[in-house]
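See below for model.cif, which holds mmCIF, C-alpha atoms.
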data_final
#
loop_
_atom_site.group_PDB
_atom_site.id
_atom_site.type_symbol
_atom_site.label_atom_id
_atom_site.label_comp_id
_atom_site.auth_asym_id
_atom_site.auth_seq_id
_atom_site.Cartn_x
_atom_site.Cartn_y
_atom_site.Cartn_z
ATOM 1 C CA GLN A 1 0.000 0.000 0.000
ATOM 2 C CA SER A 2 1.407 3.328 -1.084
ATOM 3 C CA ALA A 3 1.802 6.055 1.518
ATOM 4 C CA LEU A 4 1.442 8.862 -1.017
ATOM 5 C CA THR A 5 -1.775 9.340 -2.981
ATOM 6 C CA GLN A 6 -1.699 10.051 -6.697
ATOM 7 C CA PRO A 7 -4.615 10.144 -9.148
ATOM 8 C CA ARG A 8 -4.730 6.924 -11.127
ATOM 9 C CA SER A 9 -4.962 8.762 -14.424
ATOM 10 C CA VAL A 10 -4.903 12.213 -15.976
ATOM 11 C CA SER A 11 -5.190 13.331 -19.572
ATOM 12 C CA GLY A 12 -4.651 16.339 -21.767
ATOM 13 C CA SER A 13 -4.406 17.385 -25.377
ATOM 14 C CA PRO A 14 -1.164 18.298 -27.125
ATOM 15 C CA GLY A 15 -0.066 21.783 -26.159
ATOM 16 C CA GLN A 16 -2.105 21.850 -22.967
ATOM 17 C CA SER A 17 -0.854 21.679 -19.407
ATOM 18 C CA VAL A 18 -1.580 18.947 -16.899
ATOM 19 C CA THR A 19 -0.825 18.677 -13.197
ATOM 20 C CA ILE A 20 -0.338 15.466 -11.253
ATOM 21 C CA SER A 21 -0.765 15.659 -7.499
ATOM 22 C CA CYS A 22 0.965 13.647 -4.803
ATOM 23 C CA THR A 23 -0.595 13.876 -1.343
ATOM 24 C CA GLY A 24 1.127 12.668 1.777
ATOM 25 C CA SER A 25 1.411 13.866 5.339
ATOM 26 C CA SER A 26 3.526 16.044 7.576
ATOM 27 C CA SER A 27 5.774 12.996 8.065
ATOM 28 C CA ASP A 28 6.834 12.917 4.452
ATOM 29 C CA VAL A 29 5.821 15.412 1.757
ATOM 30 C CA GLY A 30 4.911 18.150 4.204
ATOM 31 C CA GLY A 31 7.914 17.639 6.443
ATOM 32 C CA TYR A 32 10.749 17.755 3.928
ATOM 33 C CA ASN A 33 11.576 19.425 0.620
ATOM 34 C CA TYR A 34 12.748 16.093 -0.761
ATOM 35 C CA VAL A 35 10.042 15.086 -3.233
ATOM 36 C CA SER A 36 11.096 13.529 -6.519
ATOM 37 C CA TRP A 37 9.204 12.526 -9.652
ATOM 38 C CA TYR A 38 9.898 9.737 -12.134
ATOM 39 C CA GLN A 39 8.670 9.029 -15.641
ATOM 40 C CA GLN A 40 8.327 5.423 -16.764
ATOM 41 C CA HIS A 41 7.467 4.351 -20.276
ATOM 42 C CA PRO A 42 6.171 0.775 -20.779
ATOM 43 C CA ASP A 43 8.815 -1.885 -20.198
ATOM 44 C CA LYS A 44 11.468 0.764 -19.522
ATOM 45 C CA ALA A 45 13.360 1.787 -16.422
ATOM 46 C CA PRO A 46 12.091 4.910 -14.655
ATOM 47 C CA LYS A 47 13.759 8.252 -15.301
ATOM 48 C CA LEU A 48 14.256 11.041 -12.781
ATOM 49 C CA MET A 49 12.351 14.168 -13.843
ATOM 50 C CA ILE A 50 12.262 16.365 -10.722
ATOM 51 C CA TYR A 51 14.086 16.222 -7.377
ATOM 52 C CA ASP A 52 14.042 18.301 -4.209
ATOM 53 C CA VAL A 53 10.496 19.417 -5.143
ATOM 54 C CA THR A 54 11.475 21.862 -7.894
ATOM 55 C CA LYS A 55 14.889 20.953 -9.338
ATOM 56 C CA ARG A 56 15.289 19.537 -12.831
ATOM 57 C CA PRO A 57 18.199 17.259 -13.766
ATOM 58 C CA SER A 58 20.142 18.270 -16.829
ATOM 59 C CA GLY A 59 18.469 17.078 -19.995
ATOM 60 C CA VAL A 60 14.905 17.247 -18.657
ATOM 61 C CA PRO A 61 12.851 19.774 -20.638
ATOM 62 C CA ASP A 62 11.761 22.891 -18.779
ATOM 63 C CA ARG A 63 8.188 21.958 -19.658
ATOM 64 C CA PHE A 64 8.377 19.811 -16.526
ATOM 65 C CA SER A 65 8.120 21.643 -13.233
ATOM 66 C CA GLY A 66 7.488 20.730 -9.608
ATOM 67 C CA SER A 67 5.940 22.482 -6.647
ATOM 68 C CA LYS A 68 4.636 21.811 -3.166
ATOM 69 C CA SER A 69 1.982 23.219 -0.896
ATOM 70 C CA GLY A 70 1.574 21.757 2.546
ATOM 71 C CA ASN A 71 1.319 17.980 2.310
ATOM 72 C CA THR A 72 0.739 17.936 -1.454
ATOM 73 C CA ALA A 73 3.400 18.020 -4.143
ATOM 74 C CA SER A 74 2.612 18.556 -7.803
ATOM 75 C CA LEU A 75 4.214 17.828 -11.146
ATOM 76 C CA THR A 76 3.120 20.120 -13.956
ATOM 77 C CA ILE A 77 3.787 19.362 -17.587
ATOM 78 C CA SER A 78 3.182 22.269 -19.915
ATOM 79 C CA GLY A 79 3.018 22.185 -23.700
ATOM 80 C CA LEU A 80 2.066 18.504 -23.665
ATOM 81 C CA GLN A 81 3.689 16.346 -26.297
ATOM 82 C CA ALA A 82 2.847 12.847 -27.447
ATOM 83 C CA GLU A 83 6.044 11.461 -25.916
ATOM 84 C CA ASP A 84 4.956 12.653 -22.471
ATOM 85 C CA GLU A 85 2.383 9.857 -22.397
ATOM 86 C CA SER A 86 3.732 7.677 -19.626
ATOM 87 C CA ASP A 87 3.380 6.623 -15.991
ATOM 88 C CA TYR A 88 4.576 9.086 -13.371
ATOM 89 C CA TYR A 89 5.554 8.271 -9.786
ATOM 90 C CA CYS A 90 6.290 10.495 -6.821
ATOM 91 C CA PHE A 91 8.644 9.668 -3.960
ATOM 92 C CA SER A 92 9.372 11.542 -0.747
ATOM 93 C CA TYR A 93 11.931 11.261 2.004
ATOM 94 C CA ALA A 94 9.988 10.269 5.108
ATOM 95 C CA GLY A 95 12.403 10.709 7.981
ATOM 96 C CA SER A 96 14.911 8.443 9.666
ATOM 97 C CA TYR A 97 12.498 5.615 10.475
ATOM 98 C CA THR A 98 10.477 5.015 7.310
ATOM 99 C CA PHE A 99 12.955 6.776 5.002
ATOM 100 C CA VAL A 100 11.002 6.554 1.740
ATOM 101 C CA ALA A 101 7.310 7.036 0.924
ATOM 102 C CA PHE A 102 6.047 6.481 -2.580
ATOM 103 C CA GLY A 103 2.966 7.071 -4.677
ATOM 104 C CA GLY A 104 1.011 4.464 -6.594
ATOM 105 C CA GLY A 105 1.641 6.089 -9.955
ATOM 106 C CA THR A 106 -0.393 8.143 -12.420
ATOM 107 C CA LYS A 107 -0.997 7.237 -16.036
ATOM 108 C CA LEU A 108 -0.840 10.295 -18.278
ATOM 109 C CA THR A 109 -2.704 10.018 -21.559
ATOM 110 C CA VAL A 110 -2.094 12.549 -24.321
ATOM 111 C CA LEU A 111 -5.349 12.726 -26.255
ATOM 112 C CA GLU B 1 28.489 7.783 -18.857
ATOM 113 C CA VAL B 2 26.882 6.387 -15.716
ATOM 114 C CA GLN B 3 25.894 2.759 -16.149
ATOM 115 C CA LEU B 4 24.231 0.261 -13.825
ATOM 116 C CA VAL B 5 23.695 -3.315 -14.956
ATOM 117 C CA GLU B 6 21.714 -5.759 -12.845
ATOM 118 C CA SER B 7 22.004 -9.520 -13.078
ATOM 119 C CA GLY B 8 21.086 -12.630 -11.153
ATOM 120 C CA GLY B 9 17.336 -12.685 -11.597
ATOM 121 C CA GLY B 10 15.353 -15.775 -12.489
ATOM 122 C CA LEU B 11 12.823 -18.309 -11.292
ATOM 123 C CA VAL B 12 13.153 -19.414 -7.687
ATOM 124 C CA GLN B 13 10.974 -21.492 -5.371
ATOM 125 C CA PRO B 14 9.296 -19.963 -2.312
ATOM 126 C CA GLY B 15 11.519 -20.059 0.736
ATOM 127 C CA ARG B 16 14.727 -20.136 -1.294
ATOM 128 C CA SER B 17 17.398 -17.463 -1.708
ATOM 129 C CA LEU B 18 18.710 -15.387 -4.576
ATOM 130 C CA ARG B 19 21.460 -12.793 -4.900
ATOM 131 C CA LEU B 20 21.235 -9.955 -7.385
ATOM 132 C CA SER B 21 24.266 -7.997 -8.539
ATOM 133 C CA CYS B 22 24.544 -4.451 -9.838
ATOM 134 C CA ILE B 23 27.745 -3.732 -11.727
ATOM 135 C CA THR B 24 28.358 -0.014 -12.089
ATOM 136 C CA SER B 25 30.673 2.229 -14.083
ATOM 137 C CA GLY B 26 31.110 5.865 -15.053
ATOM 138 C CA PHE B 27 31.177 7.324 -11.534
ATOM 139 C CA THR B 28 33.041 7.013 -8.235
ATOM 140 C CA PHE B 29 30.977 4.230 -6.681
ATOM 141 C CA GLY B 30 32.229 4.782 -3.144
ATOM 142 C CA ASP B 31 30.924 8.346 -3.115
ATOM 143 C CA TYR B 32 27.281 7.302 -3.422
ATOM 144 C CA VAL B 33 24.480 5.696 -1.498
ATOM 145 C CA MET B 34 23.068 2.824 -3.537
ATOM 146 C CA SER B 35 19.477 1.637 -3.465
ATOM 147 C CA TRP B 36 17.241 -1.119 -4.779
ATOM 148 C CA LEU B 37 13.650 -0.680 -5.879
ATOM 149 C CA ARG B 38 11.210 -3.169 -7.354
ATOM 150 C CA GLN B 39 8.065 -3.300 -9.434
ATOM 151 C CA ALA B 40 5.631 -6.200 -9.260
ATOM 152 C CA PRO B 41 3.880 -7.147 -12.519
ATOM 153 C CA GLY B 42 1.361 -4.469 -13.437
ATOM 154 C CA LYS B 43 2.032 -2.558 -10.224
ATOM 155 C CA GLY B 44 3.827 0.589 -9.145
ATOM 156 C CA LEU B 45 7.346 1.158 -7.928
ATOM 157 C CA GLU B 46 8.333 0.124 -4.404
ATOM 158 C CA TRP B 47 11.456 1.089 -2.504
ATOM 159 C CA VAL B 48 13.331 -1.940 -1.121
ATOM 160 C CA GLY B 49 16.261 -0.399 0.730
ATOM 161 C CA PHE B 50 19.564 1.405 0.528
ATOM 162 C CA ILE B 51 23.157 1.171 1.708
ATOM 163 C CA ARG B 52 25.135 4.163 2.875
ATOM 164 C CA ARG B 53 28.679 5.006 1.873
ATOM 165 C CA GLU B 54 31.463 3.215 3.695
ATOM 166 C CA ALA B 55 32.408 6.590 5.167
ATOM 167 C CA TYR B 56 29.134 6.309 7.140
ATOM 168 C CA GLY B 57 29.628 2.707 8.035
ATOM 169 C CA GLY B 58 28.004 1.204 4.962
ATOM 170 C CA THR B 59 24.871 0.778 7.068
ATOM 171 C CA THR B 60 21.559 -0.168 5.547
ATOM 172 C CA GLU B 61 17.873 0.703 5.737
ATOM 173 C CA TYR B 62 14.975 -1.403 4.454
ATOM 174 C CA ALA B 63 11.293 -1.244 3.721
ATOM 175 C CA ALA B 64 9.163 -3.039 6.285
ATOM 176 C CA SER B 65 8.077 -5.587 3.651
ATOM 177 C CA VAL B 66 11.606 -6.975 3.263
ATOM 178 C CA LYS B 67 13.289 -6.178 6.575
ATOM 179 C CA GLY B 68 14.907 -9.261 8.089
ATOM 180 C CA ARG B 69 14.822 -11.169 4.787
ATOM 181 C CA PHE B 70 16.766 -8.944 2.387
ATOM 182 C CA THR B 71 20.311 -7.608 2.778
ATOM 183 C CA ILE B 72 22.043 -4.987 0.673
ATOM 184 C CA LEU B 73 25.816 -5.203 0.376
ATOM 185 C CA ARG B 74 28.452 -3.221 -1.452
ATOM 186 C CA ASP B 75 31.973 -3.847 -2.694
ATOM 187 C CA ASP B 76 33.585 -0.491 -3.367
ATOM 188 C CA SER B 77 36.734 -2.127 -4.777
ATOM 189 C CA LYS B 78 34.637 -3.638 -7.575
ATOM 190 C CA SER B 79 31.945 -0.917 -7.828
ATOM 191 C CA ILE B 80 29.242 -3.532 -7.295
ATOM 192 C CA ALA B 81 26.112 -3.478 -5.170
ATOM 193 C CA TYR B 82 24.272 -6.649 -4.173
ATOM 194 C CA LEU B 83 20.802 -7.565 -3.013
ATOM 195 C CA GLN B 84 20.722 -10.808 -1.039
ATOM 196 C CA MET B 85 17.160 -12.090 -0.861
ATOM 197 C CA ASN B 86 16.305 -14.870 1.591
ATOM 198 C CA SER B 87 13.047 -16.608 2.497
ATOM 199 C CA LEU B 88 11.513 -15.473 -0.760
ATOM 200 C CA LYS B 89 7.750 -15.230 -1.069
ATOM 201 C CA SER B 90 5.469 -15.112 -4.087
ATOM 202 C CA GLU B 91 4.829 -11.442 -3.367
ATOM 203 C CA ASP B 92 8.528 -10.734 -3.983
ATOM 204 C CA THR B 93 7.965 -11.460 -7.670
ATOM 205 C CA ALA B 94 8.998 -8.273 -9.449
ATOM 206 C CA VAL B 95 11.502 -6.521 -11.650
ATOM 207 C CA TYR B 96 14.299 -5.332 -9.392
ATOM 208 C CA TYR B 97 16.073 -2.073 -10.179
ATOM 209 C CA CYS B 98 19.449 -0.938 -8.879
ATOM 210 C CA THR B 99 19.729 2.834 -8.509
ATOM 211 C CA ARG B 100 22.282 5.431 -7.589
ATOM 212 C CA VAL B 101 21.040 7.780 -4.917
ATOM 213 C CA GLY B 102 21.343 11.522 -5.214
ATOM 214 C CA GLY B 103 21.549 13.512 -2.029
ATOM 215 C CA PHE B 104 23.390 12.673 1.135
ATOM 216 C CA CYS B 105 22.658 10.246 3.948
ATOM 217 C CA SER B 106 24.566 10.432 7.197
ATOM 218 C CA SER B 107 24.493 7.661 9.750
ATOM 219 C CA SER B 108 21.156 8.876 11.082
ATOM 220 C CA SER B 109 19.225 10.762 8.394
ATOM 221 C CA CYS B 110 19.235 11.966 4.809
ATOM 222 C CA TYR B 111 19.561 15.411 3.323
ATOM 223 C CA SER B 112 17.795 14.897 0.032
ATOM 224 C CA LEU B 113 17.103 11.423 -1.284
ATOM 225 C CA PHE B 114 16.303 10.669 -4.893
ATOM 226 C CA PHE B 115 17.193 8.031 -7.451
ATOM 227 C CA ASP B 116 19.168 9.700 -10.216
ATOM 228 C CA SER B 117 20.411 6.753 -12.269
ATOM 229 C CA TRP B 118 18.728 3.395 -12.857
ATOM 230 C CA GLY B 119 19.702 0.032 -14.249
ATOM 231 C CA GLN B 120 17.559 -1.768 -16.785
ATOM 232 C CA GLY B 121 16.182 -4.131 -14.141
ATOM 233 C CA THR B 122 16.308 -7.872 -13.589
ATOM 234 C CA ARG B 123 13.219 -10.034 -13.255
ATOM 235 C CA VAL B 124 12.677 -12.275 -10.237
ATOM 236 C CA THR B 125 9.854 -14.798 -10.227
ATOM 237 C CA VAL B 126 9.069 -16.655 -7.018
ATOM 238 C CA SER B 127 6.961 -19.695 -7.777
ATOM 239 C CA SER B 128 6.853 -23.404 -7.155
#
Could you express the structure from this file as C-alpha cells?
Amino acid sequence: QSALTQPRSVSGSPGQSVTISCTGSSSDVGGYNYVSWYQQHPDKAPKLMIYDVTKRPSGVPDRFSGSKSGNTASLTISGLQAEDESDYYCFSYAGSYTFVAFGGGTKLTVL
Amino acid sequence: EVQLVESGGGLVQPGRSLRLSCITSGFTFGDYVMSWLRQAPGKGLEWVGFIRREAYGGTTEYAASVKGRFTILRDDSKSIAYLQMNSLKSEDTAVYYCTRVGGFCSSSSCYSLFFDSWGQGTRVTVSS
C-alpha cells in the first residue's frame, strides 16, 4: 500500500498543461523538501524528472516543473507532447524511520 | 556515462534465496548511497532499501516488507552493489532495479534522497 496518494490517471491534449498531485502527510511530503518525480514508459526503467520538489536534472525539458503546498506536491507538464504519455511516480523522504514514501503512480494520456 | 547493470534474476521457489548484482561504471561508486527498488507485474514502484557510503559505516535501511529477509551489500573495490534475498515469497515477484542515490545520507538521516540513475532491471519470479 502506497503512503502517497496520486490520481490513477490524468489526460490532456497536445499543447495543454496537466498537473499530477501527490498527497502525503507532515511525516513525508509536508515535512521535507525532498520530493522527486519519475517518468516510466512501458517496459522501460524509470527516469528522474524532478528532485528536491522543484529541481530539474540536466536534460529534462523545462516543460516539466514541480511544486509543493503543505502535504501535497505537484508535477506540472506544460506544452504537452505525445512522448509525455507515460506513468509518473512520486517519492518523498519520510524521515529516519520510514525513510522513503512512494505514490502508486499516475498514467498520463495525451489525447 | 553512468551505467548500472543488474544480473542474477530468475525463477526461484518460495523459501529459497537469490542474490542480485549491480555492476556499475562511469562514476566514483564509493561516493554514493546505492538503493534497490522493485516493481511487481502491473504494479507501481516500491522502494526496497539502501546502503550508505562506507564513510558512514556502509549501514543499511529497508522497507518493512523486506526487513529481516533482504540484505544490501556493497563492494567499493569492484563498484558492485548486491541484493541478497532470503526466504523469498510469491509477493517478492517483481523486476528489481538498482539505482544510484542523489543527495546525502549520514548515519542517522538523509539530506535529500532521490534516485538519479537506474539500471535496466532484472526479473525475479518466485513460484513453485
> Near Ser86 of chain A, counting only C-alpha atoms, which residues have an atom at most 9 Å away, once you skip same-chain residues fewer than 2 positions from it, shown as a PyMOL selection string?
Replying inline: chain A and resi 39-42+83-84+88+106-110
Could you please take those selected residues and save C-alpha atoms as a PDB file, in the coordinates of the input?
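After the write, again.pdb holds the following:
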ATOM      1  CA  GLN A  39       8.670   9.029 -15.641  1.00  0.00           C
ATOM      2  CA  GLN A  40       8.327   5.423 -16.764  1.00  0.00           C
ATOM      3  CA  HIS A  41       7.467   4.351 -20.276  1.00  0.00           C
ATOM      4  CA  PRO A  42       6.171   0.775 -20.779  1.00  0.00           C
ATOM      5  CA  GLU A  83       6.044  11.461 -25.916  1.00  0.00           C
ATOM      6  CA  ASP A  84       4.956  12.653 -22.471  1.00  0.00           C
ATOM      7  CA  TYR A  88       4.576   9.086 -13.371  1.00  0.00           C
ATOM      8  CA  THR A 106      -0.393   8.143 -12.420  1.00  0.00           C
ATOM      9  CA  LYS A 107      -0.997   7.237 -16.036  1.00  0.00           C
ATOM     10  CA  LEU A 108      -0.840  10.295 -18.278  1.00  0.00           C
ATOM     11  CA  THR A 109      -2.704  10.018 -21.559  1.00  0.00           C
ATOM     12  CA  VAL A 110      -2.094  12.549 -24.321  1.00  0.00           C
TER      13      VAL A 110
END
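Taking atom CA of Asn86 of chain B as the reference point, atom CA of Gly30 of chain B is found at 25.7 Å.
With all atoms listed in the file as the atoms that count, the residue of A:Tyr34, A:Asp87, A:Val100, A:Ser92 with the shortest distance to Pro46 of chain A is A:Asp87.
In this structure, the chain B residues at most 8 Å away from chain A are Lys43, Gly44, Leu45, Glu46, Trp47, Glu61, Ala63, Tyr97, Ser108, Ser109, Cys110, Tyr111, Ser112, Leu113, Phe114, Phe115, Asp116, Ser117, Trp118, Gly119, Gln120 and Gly121 of chain B, with all atoms listed in the file considered.
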Expected axis-aligned box over every listed atom of segment 7-25 of chain A, 5 Å added per side, centre plus edges in Å to one decimal, as AutoDock Vina command-line options:
--center_x -1.9 --center_y 14.4 --center_z -10.9 --size_x 16.6 --size_y 24.9 --size_z 42.5
> atom CA of Thr28 of chain B to atom CA of Cys98 of chain B: how many Å, to one decimal?
Replying inline: 15.8 Å
> Exactly which residues make up the result of the PyMOL selection byres ((chain A and resi 13) around 10) on this file, given as a ChimeraX atom specification?
Replying inline: /A:11-12,14-18,79-82,109-111
> Near Thr54 of chain A, counting only C-alpha atoms, which residues have an atom at most 7 Å away, once you skip same-chain residues fewer than 6 positions from it, shown as JSON, numbers by chain?
Replying inline: {"A": [65, 66, 67]}
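Counting from atom CA of Asp76 of chain B, the distance to atom CA of Glu6 of chain B is 16.1 Å.
Of the listed residues (B:Ile72, B:Gly58, B:Lys78, B:Leu83), B:Leu83 comes nearest to Tyr96 of chain B; the distances count all atoms listed in the file.
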Please return segment 28-47 of chain A, rebuilt to N, CA, C and O atoms, as a PDB file, keeping the file's coordinate frame.
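File produced: result_9.pdb:
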ATOM      1  N   ASP A  28       6.071  13.132   5.683  1.00  0.00           N
ATOM      2  CA  ASP A  28       6.834  12.917   4.452  1.00  0.00           C
ATOM      3  C   ASP A  28       6.811  14.175   3.581  1.00  0.00           C
ATOM      4  O   ASP A  28       7.633  15.059   3.771  1.00  0.00           O
ATOM      5  N   VAL A  29       5.845  14.276   2.689  1.00  0.00           N
ATOM      6  CA  VAL A  29       5.821  15.412   1.757  1.00  0.00           C
ATOM      7  C   VAL A  29       5.840  16.746   2.492  1.00  0.00           C
ATOM      8  O   VAL A  29       6.617  17.653   2.138  1.00  0.00           O
ATOM      9  N   GLY A  30       5.022  16.882   3.495  1.00  0.00           N
ATOM     10  CA  GLY A  30       4.911  18.150   4.204  1.00  0.00           C
ATOM     11  C   GLY A  30       6.086  18.468   5.112  1.00  0.00           C
ATOM     12  O   GLY A  30       6.303  19.631   5.463  1.00  0.00           O
ATOM     13  N   GLY A  31       6.857  17.444   5.474  1.00  0.00           N
ATOM     14  CA  GLY A  31       7.914  17.639   6.443  1.00  0.00           C
ATOM     15  C   GLY A  31       9.287  17.898   5.861  1.00  0.00           C
ATOM     16  O   GLY A  31      10.191  18.336   6.571  1.00  0.00           O
ATOM     17  N   TYR A  32       9.431  17.631   4.567  1.00  0.00           N
ATOM     18  CA  TYR A  32      10.749  17.755   3.928  1.00  0.00           C
ATOM     19  C   TYR A  32      10.588  18.260   2.490  1.00  0.00           C
ATOM     20  O   TYR A  32       9.595  17.952   1.831  1.00  0.00           O
ATOM     21  N   ASN A  33      11.576  18.980   2.027  1.00  0.00           N
ATOM     22  CA  ASN A  33      11.576  19.425   0.620  1.00  0.00           C
ATOM     23  C   ASN A  33      12.369  18.443  -0.230  1.00  0.00           C
ATOM     24  O   ASN A  33      13.272  18.814  -0.982  1.00  0.00           O
ATOM     25  N   TYR A  34      12.006  17.167  -0.094  1.00  0.00           N
ATOM     26  CA  TYR A  34      12.748  16.093  -0.761  1.00  0.00           C
ATOM     27  C   TYR A  34      11.801  15.204  -1.558  1.00  0.00           C
ATOM     28  O   TYR A  34      11.849  13.977  -1.460  1.00  0.00           O
ATOM     29  N   VAL A  35      10.944  15.828  -2.362  1.00  0.00           N
ATOM     30  CA  VAL A  35      10.042  15.086  -3.233  1.00  0.00           C
ATOM     31  C   VAL A  35      10.685  14.939  -4.608  1.00  0.00           C
ATOM     32  O   VAL A  35      11.283  15.893  -5.134  1.00  0.00           O
ATOM     33  N   SER A  36      10.581  13.763  -5.168  1.00  0.00           N
ATOM     34  CA  SER A  36      11.096  13.529  -6.519  1.00  0.00           C
ATOM     35  C   SER A  36      10.020  12.872  -7.368  1.00  0.00           C
ATOM     36  O   SER A  36       9.104  12.226  -6.851  1.00  0.00           O
ATOM     37  N   TRP A  37      10.166  13.051  -8.682  1.00  0.00           N
ATOM     38  CA  TRP A  37       9.204  12.526  -9.652  1.00  0.00           C
ATOM     39  C   TRP A  37       9.938  11.727 -10.721  1.00  0.00           C
ATOM     40  O   TRP A  37      11.030  12.119 -11.153  1.00  0.00           O
ATOM     41  N   TYR A  38       9.294  10.650 -11.162  1.00  0.00           N
ATOM     42  CA  TYR A  38       9.898   9.737 -12.134  1.00  0.00           C
ATOM     43  C   TYR A  38       8.902   9.466 -13.249  1.00  0.00           C
ATOM     44  O   TYR A  38       7.702   9.300 -13.002  1.00  0.00           O
ATOM     45  N   GLN A  39       9.447   9.381 -14.455  1.00  0.00           N
ATOM     46  CA  GLN A  39       8.670   9.029 -15.641  1.00  0.00           C
ATOM     47  C   GLN A  39       9.042   7.610 -16.039  1.00  0.00           C
ATOM     48  O   GLN A  39      10.229   7.273 -16.070  1.00  0.00           O
ATOM     49  N   GLN A  40       8.040   6.792 -16.336  1.00  0.00           N
ATOM     50  CA  GLN A  40       8.327   5.423 -16.764  1.00  0.00           C
ATOM     51  C   GLN A  40       7.479   5.067 -17.971  1.00  0.00           C
ATOM     52  O   GLN A  40       6.248   4.964 -17.863  1.00  0.00           O
ATOM     53  N   HIS A  41       8.146   4.854 -19.088  1.00  0.00           N
ATOM     54  CA  HIS A  41       7.467   4.351 -20.276  1.00  0.00           C
ATOM     55  C   HIS A  41       7.348   2.833 -20.168  1.00  0.00           C
ATOM     56  O   HIS A  41       8.126   2.187 -19.446  1.00  0.00           O
ATOM     57  N   PRO A  42       6.393   2.229 -20.881  1.00  0.00           N
ATOM     58  CA  PRO A  42       6.171   0.775 -20.779  1.00  0.00           C
ATOM     59  C   PRO A  42       7.440  -0.028 -21.018  1.00  0.00           C
ATOM     60  O   PRO A  42       8.182   0.230 -21.974  1.00  0.00           O
ATOM     61  N   ASP A  43       7.680  -0.967 -20.116  1.00  0.00           N
ATOM     62  CA  ASP A  43       8.815  -1.885 -20.198  1.00  0.00           C
ATOM     63  C   ASP A  43      10.171  -1.183 -20.193  1.00  0.00           C
ATOM     64  O   ASP A  43      11.167  -1.733 -20.699  1.00  0.00           O
ATOM     65  N   LYS A  44      10.210   0.017 -19.650  1.00  0.00           N
ATOM     66  CA  LYS A  44      11.468   0.764 -19.522  1.00  0.00           C
ATOM     67  C   LYS A  44      11.745   1.068 -18.064  1.00  0.00           C
ATOM     68  O   LYS A  44      10.847   1.036 -17.220  1.00  0.00           O
ATOM     69  N   ALA A  45      13.014   1.357 -17.770  1.00  0.00           N
ATOM     70  CA  ALA A  45      13.360   1.787 -16.422  1.00  0.00           C
ATOM     71  C   ALA A  45      12.859   3.209 -16.188  1.00  0.00           C
ATOM     72  O   ALA A  45      12.773   4.005 -17.127  1.00  0.00           O
ATOM     73  N   PRO A  46      12.502   3.537 -14.972  1.00  0.00           N
ATOM     74  CA  PRO A  46      12.091   4.910 -14.655  1.00  0.00           C
ATOM     75  C   PRO A  46      13.217   5.902 -14.904  1.00  0.00           C
ATOM     76  O   PRO A  46      14.390   5.540 -14.909  1.00  0.00           O
ATOM     77  N   LYS A  47      12.817   7.163 -15.070  1.00  0.00           N
ATOM     78  CA  LYS A  47      13.759   8.252 -15.301  1.00  0.00           C
ATOM     79  C   LYS A  47      13.424   9.397 -14.351  1.00  0.00           C
ATOM     80  O   LYS A  47      12.257   9.775 -14.202  1.00  0.00           O
TER      81      LYS A  47
END
